[in-house]
Structure formats: structure tokens, C-alpha cells
Amino acid sequence: MNSTMAQLNPNQQKAVEHVEGPLLVLAGAGSGKTRVVTYRIAHLIDIGVLPSDILAVTFTNKAAEEMKSRIRSLKNSHVLACTFHSLGARILRESIHLLGYKNDFVIYDEEDSEKLLKTCMQQLQLGDEKGLLRTTRGQISSAKNSLTTPDKADRSFAPVYSMYQSKLKECNAVDFDDLLYLTVRLLKENEEARKEYQSRWSFVLIDEYQDTNAAQYTLARILVEVHGNLFAVGDPDQSIYSWRGAQYQNILNFERDFPGAKVIPLEENYRSTNTILQASNALIEHNPDRYEKKLWSNLGEGAKVGVFVAQSDRQEAEFVVNQLLNRITQNSLSLDDIAIFYRTNAQSRSFEDALLSKRLTYKIIGGLSFYQRREVKDLLSFLRMVVSNTDLMSFLRTINLPKRGLGMTTLEKLVEASANQPIFTFCEDVISRPDLLKLTPKQKEGLQSYVQLIRDLRNERPQLKIHELIERTIERSRYLQFLQEDPETFEDRKGNTDELINKAREWEEEQDQPSLTLFLEELSLKTTADDQGALPAIKLMTLHNSKGLEFPLVFLVGLEEQLLPHANSLDDPSKIEEERRLCYVGMTRAKRFLYLCAATYRYLWNTSRVMRPSRFLREIPTQYLQNLSPTTIRREVEEEHSEDPEGFAPGDKVIHKEFGEGIVQKSYHSSFGLTYDVHFPDAGTNRTLVAKFAKLQRSLEG
């Protein structure tokens, strides 16, 4: 172990050698926290602590397995390293009888849980309009993670929550959230059980402490209440999961919760160049709620952070692909060394198209390729039905979007009865000749509505452009209402439908004679592209999925107001802080080269928009940046850094010294820079104003 300790820097060594009492290790990005945790466990074993007295808790099974593997290689010892939910399951398997359950309980997965909840809702005569089932399931999950009991829950779902919990117990079952909720309840209510588990593990280590929710935090506090030997590792600057219930205040309150606690920052970064770290430090310092720390590196200054503000999202994608090809050539990088990060899944489309055009292999991490996403395939299947009577797969995919009472048994009979006749032609015949297939009135009505939908779209097709036909398909099929049945994914999926419309619009502009058949043919080639398997590939992912990863070359794209920071965060300072942490996480994934990209014009939420560069770009000092933007907008980007003016979006209320209060109608780039068209109601005039000359102020009302 002595030779091992020599590999640690001074602060890492202090953390590893700490034994008794609470300690918080502020582990900055790339600071070697996994090494510190495993070496600390090895040190405890070296000084005589029994491996069975040590508990290490992580957030993922992968992290737990890696920790166990490292400890075995260091000490050939078995230490309990597991996730919070695995720990809860272990405790409940031994002691749940104290809560009136049997110890051979079953754990319901999400499908089982939803089925049981649906039964409860039916008994309480609650319908499932607009995804009420999913919404209620989410409310119950949030209540359990915040340790809210049914009697203290919101009246809107308290009765169904209470019945659901009772029925789980009747079935001797628990759901995933119960693994923490019931464990905390057990330890709070039963003194004997509490003492047993408090004495079982004398040393508790928790990784990613900033991501703990109320239930996880409470469980940790109970377990260390007597001995106080909590070794927590985390970084409040990388807390990006509030939407999953994570409370980053838990790590900020560590010294308050555990009086006498020591705090050791790990600031030496083993991943990135100093320029990348200094730019990242400067950004995150704009967050007031944090522990002060500055990452630094011995890896040299490195290249400046490239900034590219494109004139359009298409130009942004072209820049990224051309730049990564240059880096591959100049710096001997492989495709596996490169990542593109974005805020929302829908943004992947333009980059996928640009990569496909250069025949570059890529892989979507944590999600599907744009052309493989359910909503994209659904809409393309509707379009295929518009051009074909015989496409059985597209028919089966779309017939119950939304549900029309035609179950699998009926559809099998329908397909079988159609014999060699085109499936859509047979459906038309069934409506006019009921003797061809026996259907209930509801089924006949459903089939008739589907046939009429396709007929209407076929009739309107000659008068509509392809992107307009997609819009009409979404409207006529009530597809958005179908997507709303899952509120959690609705915004993301709607974004993908908007992006498909944008794709069609772009494609039409590029063609001499655009046709729906050719459009579907091209997209079919993309959706059926060979699976490249384990071949080297550029990685595309959302910023949330980038956490824990690292790449020599990183492109962080879409750095615009309403994208990053996201539109949903703009009215809440705490959400803006989390968006800034998300940007910081993305930046600190880069090892050698980092590019920050944006567009001034983007097709977003089914409309063309002039976009403002993200405030996060202005928060990074220019000394760390190299502006690679087109000449026409480079000057304005640099002026934003030097003057830090506030930009305005259409609908913003502003004040002009001469014309009084006005409403921004349009925001765009002219030869003079950022320019606004503004309507001034009181002055009865419309004006075109150049931002740097007009010196507009934001109205207190808007």
C-alpha cells in the first residue's frame, strides 16, 4: 500500500488516510475520485477494519461492480459495494416482516406497478384521460422519494396512492421506490432494526453525494447516526438531476448536518488541459450556491476553446463535421475520440445527416438514432400509407394510432381475410361490404375512421408540400394527443416530430423535383443503415448522458437561449444554475479540444426562430476562446463579450428613450449586427433598431 500511496497527490492522500468522523471529499471533474474511494477502503482494511464492517454505496450497478473489482485487486477482500436500491432490498429481505410483509416479497417492475395502479384507478372510477395513469404513477414515485406518506400527500392523488400501497401489501409486493421508502420507514419505526443496521457497518462511503434525494439522504443519516463515520464523495458543480429528485443542497449542508466534519477538495484534474479547465471554472463561478474550488492540471495549457456561432443549425452541423475531420487528420484522432453533446434529443438529426453525408460512423448514446425513434417511424409509416395500398407493416404500425378498438386478434383475421389483396384496398371493401369480415360496431367505426384519414391525406397530398403534409398528418391523426398519454416524454417526442417537419422542409429546398416517394426512399436508406457494431464511432448524446465520460475532442452544440439554458428554466434562477452546471459538465468532459457552437437561426418548436447566443458563452472570458464564427457575425459575438448587452426575443417588452415602451416583433442579424423590429403602441410607430445604437432597456413589465 505504501507504493500505492505514493501515486496520490497530497489532498488525495489526506482523504485516503482519514479514518474516523465525517468527511466530505469535494471531487472535481477528472480528479481521480474512484481511486480515492477504493484506496481509502484498502487503507481501512490495512489498519485492521474488517471488510464486513465497510459499506460503499453508489448510484449505478456499473460503478458498484467497478469498485468491488478494484478492491479485490488491491486487497483480495470482499466489501459490500452496492446501489442504494440494492441496499434497501437487502435490508428489507431480512427485516420487512417487521412492517407486516412476508420476507419472500416480490419486487414489481414498472409494468406490474402500472397494471396494479390502473386497477386502483378503475375501482375509484378514475379515467385515464390524457395520460392520467402515468401522471399519477409519477406523483406516487415522487411522494415516496420525498418520504411523503399517503395521509400527507396532495388530495388530488392521496386516495389512489393509499389504495395502491394497500394492494401492494396484499400482494406481498413492493415497487422500486419502496426499496428506499419502506427501508427508511422500517429504520425510523423499529428501534431494534435501526440498532442492528447502525452497528453492522462501522464505516459508510457514499459516492455522488450531490445526487441523493430525500429518501437516500435520510437512509444515509440514519445508518451513520451513532458512529458518524460517513465518507461522502461528490461535487455540487456536477449536480444535474433535480428532475429525478436529487437535492444538491444535501452536499452543501454537509458541515451543518455533521458537526465537526472535514472537507477536502480535490482540485488537480488528470483529464483536461488548463485552458479548458480555466474556461470551465470561469463559467461555474457564476453560480452562487457552491463550494469554492478551482480545477487545474499538469497537462499543459493546450488549445483555446473554439467558439463557432453559425448562421443556421445546418451550418453548425457542417462546421462540426468539417472540424472533426480536420482534427482526425492533424491530431491522429480516431472516431472513438470524438463526442457531440446537445441539450435535447431532437438536435441530433442535423448532425446525423451531416455525418451520414460524409459516411462517418456514429452511435447515439443513451437513446435511439433520430430515424429509429418511435414517433419518427410512426409518421413515416403514415406517409407510406399515403403512397401505398400494400404496405402491411406501415398499416399495422398506424392502424391504432390512436386506438381504434382493433386488437391483435382482429387484425390477424383482417390480414388473413385480405389474402393476396392489397391491405388498404381490402379495408375499403370491408367498410362497403360488412359480410367480408365480422366486426363489432366499434371496430367498424374505428376502421372507417382510419380509412377516411388516409383517403383525406391522399386527396390533400397534391396541394401540399411534404413538410405541410406531415403537419396535416399530425393534425388529422391527433398524433400529439396520442403522445400526451405519456407526459414525461411528450416534450422530447414532440421536438422530434417538429424536427422531422424541418428535415422535410430542408430536403425539399435541396431538390429540383421533390416528391414524397423520393423523400421516403432516402429516409428508408437511413433507417436501414447497417449496424456498425463495435466499429469505431463518433458518439452523440445529450449532456445528461455525458456525465462520467471523457473524450479527447468534444463539441458542445446549441449554446443558445431557450436551448442551453433551456426554455423551461428561464423564469427560475435555481434552474438556470442547474443549466449552467449542465454546461460545465459537458465542458469538463473534453481532454484536449473543446468547441462551443451555436446558431443564430434555427427551426425550433415547429417555427423558424432567430436565436440569441447563450449567456453561458458571455460568461467565459475571451482570453480562453478562439472565435471561429463567420466574419458577418464574429464582430457581434466579440461585442457581446466586451459589452455584455442584453439581447431580446420576439414578444419582449422594451423601453426606448424617444419612443417609449415597445414590443419586439423580430430579432435578426443585419450588416450592423443584432437588429430588432419593434412596435411602439403609444408612439404609433414601427421601427427597425440596431441593438448597439438603440440602447434598449427591458421593460419592468416584461
# chains A, B, ... in the order shown; residues from 1 in each chain; ligands from 1
>>> select_by_dssp(residues="range 265-407 of chain A", states="alpha helix (DSSP H)", output="PyMOL selection string")
chain A and resi 274-284+313-331+348-357+374-387+392-398
>>> residues_around(residues="Ala339 in chain A", least_positions_apart="5", cutoff="9 Å", atoms="only C-alpha atoms", output="JSON, numbers by chain")
{"A": [538, 539, 540, 541, 550, 551, 552, 553, 554, 555, 556, 590]}
>>> closest_residue(among="A:Gln452, A:Thr409, A:Gln481, A:Thr675", to="Leu696 in chain A", atoms="only C-alpha atoms")
A:Thr675
>>> residues_around(residues="range 28-43 of chain A", least_positions_apart="4", cutoff="7 Å", atoms="only C-alpha atoms", output="list in words")
Gln12, Val16, Glu17, Ile47, Met67, Arg70, Ile71, Leu74, Lys75, Asp235, Leu266, Glu267, Glu268, Asn269, Tyr270, Arg271, Leu295 and Thr588 of chain A
>>> atom_distance(atom1="CA of Arg200 in chain A", atom2="CA of Ser141 in chain A")
29.1 Å
>>> atom_distance(atom1="CA of Lys444 in chain A", atom2="CA of Ser477 in chain A")
17.3 Å
>>> closest_residue(among="A:Ala27, A:Ile96, A:Leu594, A:Ile251", to="Ala173 in chain A", atoms="only C-alpha atoms")
A:Ile96
>>> residues_around(residues="Ala346 in chain A", least_positions_apart="3", cutoff="7 Å", atoms="only C-alpha atoms", output="list in words")
Arg349, Gly495, Asn496 and Glu499 of chain A
>>> write_last_selection(atoms="C-alpha atoms", output="compact mmCIF listing (two decimals), in the first residue's frame")
# COMPACT_ATOMS: atom_id res chain seq x y z
CA ARG A 349 -30.90 14.99 -36.51
CA GLY A 495 -39.50 18.00 -30.51
CA ASN A 496 -38.69 15.03 -32.74
CA GLU A 499 -37.54 18.13 -36.36
>>> closest_residue(among="A:Leu411, A:Ile140, A:Val233, A:Ala15", to="Met163 in chain A", atoms="only C-alpha atoms")
A:Ile140
>>> select_by_dssp(residues="range 429-651 of chain A", states="strand (DSSP E)", output="ChimeraX atom specification")
/A:538-542,551-556,590-599,601-604,607-610,625-627
>>> write_last_selection(atoms="N, CA and C atoms", output="CSV table (one decimal), in the first residue's frame")
chain,number,residue,atom,x,y,z
A,538,ILE,N,-18.2,8.0,-33.8
A,538,ILE,CA,-18.4,9.2,-33.1
A,538,ILE,C,-19.6,9.1,-32.2
A,539,LYS,N,-19.5,9.6,-31.0
A,539,LYS,CA,-20.6,9.4,-30.0
A,539,LYS,C,-21.4,10.7,-30.0
A,540,LEU,N,-22.7,10.5,-30.1
A,540,LEU,CA,-23.7,11.6,-30.0
A,540,LEU,C,-24.5,11.4,-28.8
A,541,MET,N,-24.8,12.4,-27.9
A,541,MET,CA,-25.6,12.2,-26.7
A,541,MET,C,-26.0,13.5,-26.1
A,542,THR,N,-27.0,13.4,-25.3
A,542,THR,CA,-27.5,14.6,-24.5
A,542,THR,C,-26.4,14.9,-23.5
A,551,PHE,N,-13.6,12.5,-23.5
A,551,PHE,CA,-13.2,12.3,-24.9
A,551,PHE,C,-12.1,13.4,-25.2
A,552,PRO,N,-11.1,13.0,-26.0
A,552,PRO,CA,-10.1,14.0,-26.4
A,552,PRO,C,-10.7,15.2,-27.2
A,553,LEU,N,-11.8,15.0,-27.9
A,553,LEU,CA,-12.4,16.1,-28.7
A,553,LEU,C,-13.9,16.1,-28.4
A,554,VAL,N,-14.4,17.3,-28.0
A,554,VAL,CA,-15.8,17.5,-27.6
A,554,VAL,C,-16.4,18.7,-28.3
A,555,PHE,N,-17.6,18.5,-28.9
A,555,PHE,CA,-18.3,19.6,-29.5
A,555,PHE,C,-19.6,19.8,-28.6
A,556,LEU,N,-19.8,20.9,-28.0
A,556,LEU,CA,-21.0,21.2,-27.2
A,556,LEU,C,-21.8,22.2,-28.1
A,590,ALA,N,-14.1,17.2,-21.9
A,590,ALA,CA,-13.1,17.4,-23.0
A,590,ALA,C,-11.7,17.3,-22.4
A,591,LYS,N,-10.8,16.5,-23.1
A,591,LYS,CA,-9.5,16.3,-22.7
A,591,LYS,C,-8.5,17.2,-23.4
A,592,ARG,N,-8.6,17.3,-24.7
A,592,ARG,CA,-7.6,18.1,-25.4
A,592,ARG,C,-8.2,19.3,-26.2
A,593,PHE,N,-9.4,19.0,-26.8
A,593,PHE,CA,-10.0,20.0,-27.7
A,593,PHE,C,-11.5,20.2,-27.4
A,594,LEU,N,-11.9,21.4,-27.2
A,594,LEU,CA,-13.3,21.7,-26.9
A,594,LEU,C,-13.8,22.8,-27.8
A,595,TYR,N,-15.0,22.6,-28.4
A,595,TYR,CA,-15.7,23.6,-29.3
A,595,TYR,C,-17.1,23.9,-28.7
A,596,LEU,N,-17.4,25.1,-28.6
A,596,LEU,CA,-18.7,25.6,-28.2
A,596,LEU,C,-19.4,26.2,-29.4
A,597,CYS,N,-20.6,25.6,-29.8
A,597,CYS,CA,-21.2,26.0,-31.0
A,597,CYS,C,-22.7,26.5,-30.8
A,598,ALA,N,-23.1,27.4,-31.7
A,598,ALA,CA,-24.5,27.9,-31.6
A,598,ALA,C,-24.9,28.3,-33.0
A,599,ALA,N,-26.2,28.6,-33.1
A,599,ALA,CA,-26.7,29.1,-34.4
A,599,ALA,C,-27.6,30.4,-34.2
A,601,TYR,N,-29.9,31.2,-36.3
A,601,TYR,CA,-31.2,30.9,-36.9
A,601,TYR,C,-31.5,29.4,-36.8
A,602,ARG,N,-32.6,29.1,-36.3
A,602,ARG,CA,-32.9,27.6,-36.0
A,602,ARG,C,-34.4,27.4,-36.2
A,603,TYR,N,-34.7,26.2,-36.7
A,603,TYR,CA,-36.1,25.8,-36.8
A,603,TYR,C,-36.4,25.0,-35.5
A,604,LEU,N,-37.2,25.7,-34.7
A,604,LEU,CA,-37.4,25.1,-33.3
A,604,LEU,C,-38.9,25.2,-32.9
A,607,THR,N,-41.3,26.2,-35.8
A,607,THR,CA,-41.3,27.5,-36.4
A,607,THR,C,-39.9,28.0,-36.6
A,608,SER,N,-39.6,28.8,-37.5
A,608,SER,CA,-38.3,29.4,-37.7
A,608,SER,C,-38.1,30.5,-36.7
A,609,ARG,N,-36.9,30.4,-36.0
A,609,ARG,CA,-36.6,31.4,-35.0
A,609,ARG,C,-35.2,32.0,-35.1
A,610,VAL,N,-35.2,33.3,-34.8
A,610,VAL,CA,-33.9,33.9,-34.6
A,610,VAL,C,-33.4,33.6,-33.2
A,625,LEU,N,-10.8,31.8,-25.3
A,625,LEU,CA,-11.6,31.4,-26.5
A,625,LEU,C,-10.9,31.8,-27.8
A,626,GLN,N,-11.2,31.0,-28.8
A,626,GLN,CA,-10.8,31.4,-30.2
A,626,GLN,C,-12.1,31.5,-31.0
A,627,ASN,N,-12.5,32.7,-31.5
A,627,ASN,CA,-13.7,32.9,-32.2
A,627,ASN,C,-13.6,32.4,-33.7
>>> closest_residue(among="A:Glu318, A:Asp337, A:Glu196, A:Glu255", to="Leu549 in chain A", atoms="only C-alpha atoms")
A:Asp337
>>> residues_around(residues="Glu488 in chain A", least_positions_apart="3", cutoff="12 Å", atoms="only C-alpha atoms", output="compact mmCIF listing (two decimals) with all heavy atoms, in the first residue's frame")
# COMPACT_ATOMS: atom_id res chain seq x y z
N LYS A 130 -55.77 11.62 -21.13
CA LYS A 130 -54.52 12.38 -21.28
C LYS A 130 -53.42 11.89 -20.35
O LYS A 130 -52.73 12.66 -19.68
CB LYS A 130 -54.79 13.87 -21.05
CG LYS A 130 -55.68 14.48 -22.13
CD LYS A 130 -55.82 15.97 -21.96
CE LYS A 130 -56.70 16.53 -23.07
NZ LYS A 130 -56.92 17.98 -22.94
N GLY A 131 -53.28 10.59 -20.27
CA GLY A 131 -52.15 10.05 -19.53
C GLY A 131 -52.25 10.19 -18.03
O GLY A 131 -51.23 10.29 -17.35
N LEU A 132 -53.47 10.18 -17.48
CA LEU A 132 -53.64 10.33 -16.03
C LEU A 132 -52.92 9.21 -15.28
O LEU A 132 -52.36 9.43 -14.19
CB LEU A 132 -55.13 10.35 -15.67
CG LEU A 132 -55.46 10.54 -14.18
CD1 LEU A 132 -54.91 11.86 -13.66
CD2 LEU A 132 -56.97 10.45 -13.94
N LEU A 133 -52.92 8.00 -15.85
CA LEU A 133 -52.25 6.87 -15.21
C LEU A 133 -50.76 7.17 -15.01
O LEU A 133 -50.22 7.01 -13.91
CB LEU A 133 -52.43 5.60 -16.05
CG LEU A 133 -51.67 4.35 -15.57
CD1 LEU A 133 -52.19 3.89 -14.22
CD2 LEU A 133 -51.78 3.23 -16.59
N ARG A 134 -50.09 7.61 -16.09
CA ARG A 134 -48.66 7.90 -16.00
C ARG A 134 -48.39 9.06 -15.05
O ARG A 134 -47.42 9.06 -14.30
CB ARG A 134 -48.11 8.23 -17.39
CG ARG A 134 -47.94 7.02 -18.29
CD ARG A 134 -46.74 6.19 -17.81
NE ARG A 134 -46.51 5.04 -18.65
CZ ARG A 134 -45.72 5.04 -19.71
NH1 ARG A 134 -45.09 6.15 -20.06
NH2 ARG A 134 -45.56 3.95 -20.42
N THR A 135 -49.25 10.07 -15.11
CA THR A 135 -49.07 11.23 -14.23
C THR A 135 -49.18 10.81 -12.78
O THR A 135 -48.36 11.20 -11.93
CB THR A 135 -50.13 12.31 -14.54
OG1 THR A 135 -50.02 12.68 -15.92
CG2 THR A 135 -49.94 13.54 -13.67
N THR A 136 -50.21 10.01 -12.47
CA THR A 136 -50.41 9.56 -11.09
C THR A 136 -49.26 8.67 -10.64
O THR A 136 -48.79 8.77 -9.49
CB THR A 136 -51.74 8.79 -10.97
OG1 THR A 136 -52.80 9.61 -11.49
CG2 THR A 136 -52.04 8.43 -9.52
N ARG A 137 -48.77 7.82 -11.54
CA ARG A 137 -47.62 6.96 -11.21
C ARG A 137 -46.42 7.83 -10.85
O ARG A 137 -45.69 7.54 -9.89
CB ARG A 137 -47.29 6.06 -12.40
CG ARG A 137 -46.09 5.13 -12.18
CD ARG A 137 -46.43 3.98 -11.26
NE ARG A 137 -45.24 3.26 -10.87
CZ ARG A 137 -44.55 3.49 -9.76
NH1 ARG A 137 -44.92 4.42 -8.91
NH2 ARG A 137 -43.49 2.77 -9.47
N GLY A 138 -46.20 8.89 -11.61
CA GLY A 138 -45.09 9.79 -11.33
C GLY A 138 -45.25 10.51 -10.01
O GLY A 138 -44.28 10.71 -9.27
N GLN A 139 -46.50 10.90 -9.69
CA GLN A 139 -46.76 11.58 -8.42
C GLN A 139 -46.48 10.67 -7.23
O GLN A 139 -45.89 11.09 -6.22
CB GLN A 139 -48.21 12.06 -8.38
CG GLN A 139 -48.51 13.22 -9.31
CD GLN A 139 -49.99 13.56 -9.33
OE1 GLN A 139 -50.85 12.67 -9.36
NE2 GLN A 139 -50.30 14.84 -9.34
N TRP A 243 -34.52 16.94 -11.66
CA TRP A 243 -35.75 16.39 -12.23
C TRP A 243 -35.98 14.94 -11.80
O TRP A 243 -37.09 14.42 -11.94
CB TRP A 243 -35.72 16.49 -13.76
CG TRP A 243 -34.46 15.98 -14.37
CD1 TRP A 243 -33.27 16.63 -14.49
CD2 TRP A 243 -34.24 14.68 -14.93
NE1 TRP A 243 -32.33 15.83 -15.09
CE2 TRP A 243 -32.89 14.63 -15.38
CE3 TRP A 243 -35.05 13.56 -15.11
CZ2 TRP A 243 -32.35 13.51 -15.99
CZ3 TRP A 243 -34.50 12.44 -15.72
CH2 TRP A 243 -33.18 12.43 -16.14
N ARG A 244 -34.95 14.29 -11.26
CA ARG A 244 -35.11 12.93 -10.72
C ARG A 244 -35.22 12.97 -9.20
O ARG A 244 -35.19 11.92 -8.56
CB ARG A 244 -33.90 12.07 -11.11
CG ARG A 244 -33.86 11.72 -12.58
CD ARG A 244 -33.00 10.54 -12.92
NE ARG A 244 -31.70 10.47 -12.30
CZ ARG A 244 -30.61 10.02 -12.89
NH1 ARG A 244 -30.67 9.62 -14.16
NH2 ARG A 244 -29.47 9.96 -12.27
N LEU A 483 -49.37 11.23 -28.12
CA LEU A 483 -48.09 11.38 -27.41
C LEU A 483 -48.30 11.90 -26.00
O LEU A 483 -47.51 11.58 -25.09
CB LEU A 483 -47.16 12.32 -28.17
CG LEU A 483 -46.61 11.84 -29.52
CD1 LEU A 483 -45.66 12.88 -30.10
CD2 LEU A 483 -45.90 10.49 -29.39
N GLN A 484 -49.34 12.68 -25.78
CA GLN A 484 -49.60 13.25 -24.45
C GLN A 484 -49.99 12.19 -23.43
O GLN A 484 -50.01 12.48 -22.23
CB GLN A 484 -50.69 14.32 -24.54
CG GLN A 484 -50.17 15.64 -25.10
CD GLN A 484 -51.27 16.65 -25.31
OE1 GLN A 484 -52.43 16.29 -25.55
NE2 GLN A 484 -50.93 17.92 -25.22
N GLU A 485 -50.26 10.98 -23.89
CA GLU A 485 -50.59 9.92 -22.95
C GLU A 485 -49.39 9.57 -22.06
O GLU A 485 -49.54 8.95 -21.02
CB GLU A 485 -51.06 8.67 -23.71
CG GLU A 485 -52.42 8.86 -24.37
CD GLU A 485 -52.84 7.64 -25.18
OE1 GLU A 485 -52.16 6.60 -25.09
OE2 GLU A 485 -53.86 7.74 -25.91
N GLU A 491 -42.64 16.28 -24.38
CA GLU A 491 -41.88 17.40 -24.94
C GLU A 491 -40.76 16.90 -25.86
O GLU A 491 -40.53 17.44 -26.93
CB GLU A 491 -41.31 18.28 -23.82
CG GLU A 491 -42.35 19.09 -23.06
CD GLU A 491 -43.09 20.09 -23.95
OE1 GLU A 491 -42.50 20.54 -24.96
OE2 GLU A 491 -44.25 20.41 -23.64
N ASP A 492 -40.08 15.86 -25.41
CA ASP A 492 -38.97 15.31 -26.19
C ASP A 492 -39.48 14.75 -27.52
O ASP A 492 -38.91 14.99 -28.59
CB ASP A 492 -38.29 14.21 -25.38
CG ASP A 492 -36.79 14.15 -25.66
OD1 ASP A 492 -36.26 15.12 -26.23
OD2 ASP A 492 -36.17 13.13 -25.33
N ARG A 493 -40.58 14.00 -27.45
CA ARG A 493 -41.13 13.37 -28.65
C ARG A 493 -41.74 14.40 -29.60
O ARG A 493 -41.61 14.29 -30.82
CB ARG A 493 -42.14 12.29 -28.28
CG ARG A 493 -41.51 11.11 -27.54
CD ARG A 493 -42.47 9.95 -27.38
NE ARG A 493 -41.88 8.86 -26.65
CZ ARG A 493 -41.02 7.97 -27.16
NH1 ARG A 493 -40.64 8.07 -28.41
NH2 ARG A 493 -40.54 7.00 -26.41
N LYS A 494 -42.39 15.41 -29.04
CA LYS A 494 -42.93 16.47 -29.90
C LYS A 494 -41.78 17.20 -30.61
O LYS A 494 -41.89 17.57 -31.78
CB LYS A 494 -43.75 17.48 -29.08
CG LYS A 494 -44.38 18.56 -29.95
CD LYS A 494 -45.15 19.57 -29.14
CE LYS A 494 -45.81 20.60 -30.06
NZ LYS A 494 -44.82 21.34 -30.88
>>> residues_around(residues="Lys657 in chain A", least_positions_apart="2", cutoff="9 Å", atoms="only C-alpha atoms", output="list in words")
Ile655, Phe659, Gly660, Glu661, Ala694, Lys695, Leu696 and Gln697 of chain A
>>> write_last_selection(atoms="C-alpha atoms", output="short mmCIF file (atom, residue, chain, number, x, y, z; two decimals), in the first residue's frame")
data_model
loop_
_atom_site.label_atom_id
_atom_site.label_comp_id
_atom_site.auth_asym_id
_atom_site.auth_seq_id
_atom_site.Cartn_x
_atom_site.Cartn_y
_atom_site.Cartn_z
CA ILE A 655 -38.16 50.83 -23.47
CA PHE A 659 -40.42 56.16 -28.49
CA GLY A 660 -41.27 54.84 -25.03
CA GLU A 661 -42.45 51.28 -24.40
CA ALA A 694 -30.59 51.92 -29.80
CA LYS A 695 -29.62 51.02 -26.23
CA LEU A 696 -32.98 49.44 -25.48
CA GLN A 697 -33.85 48.64 -21.86
#
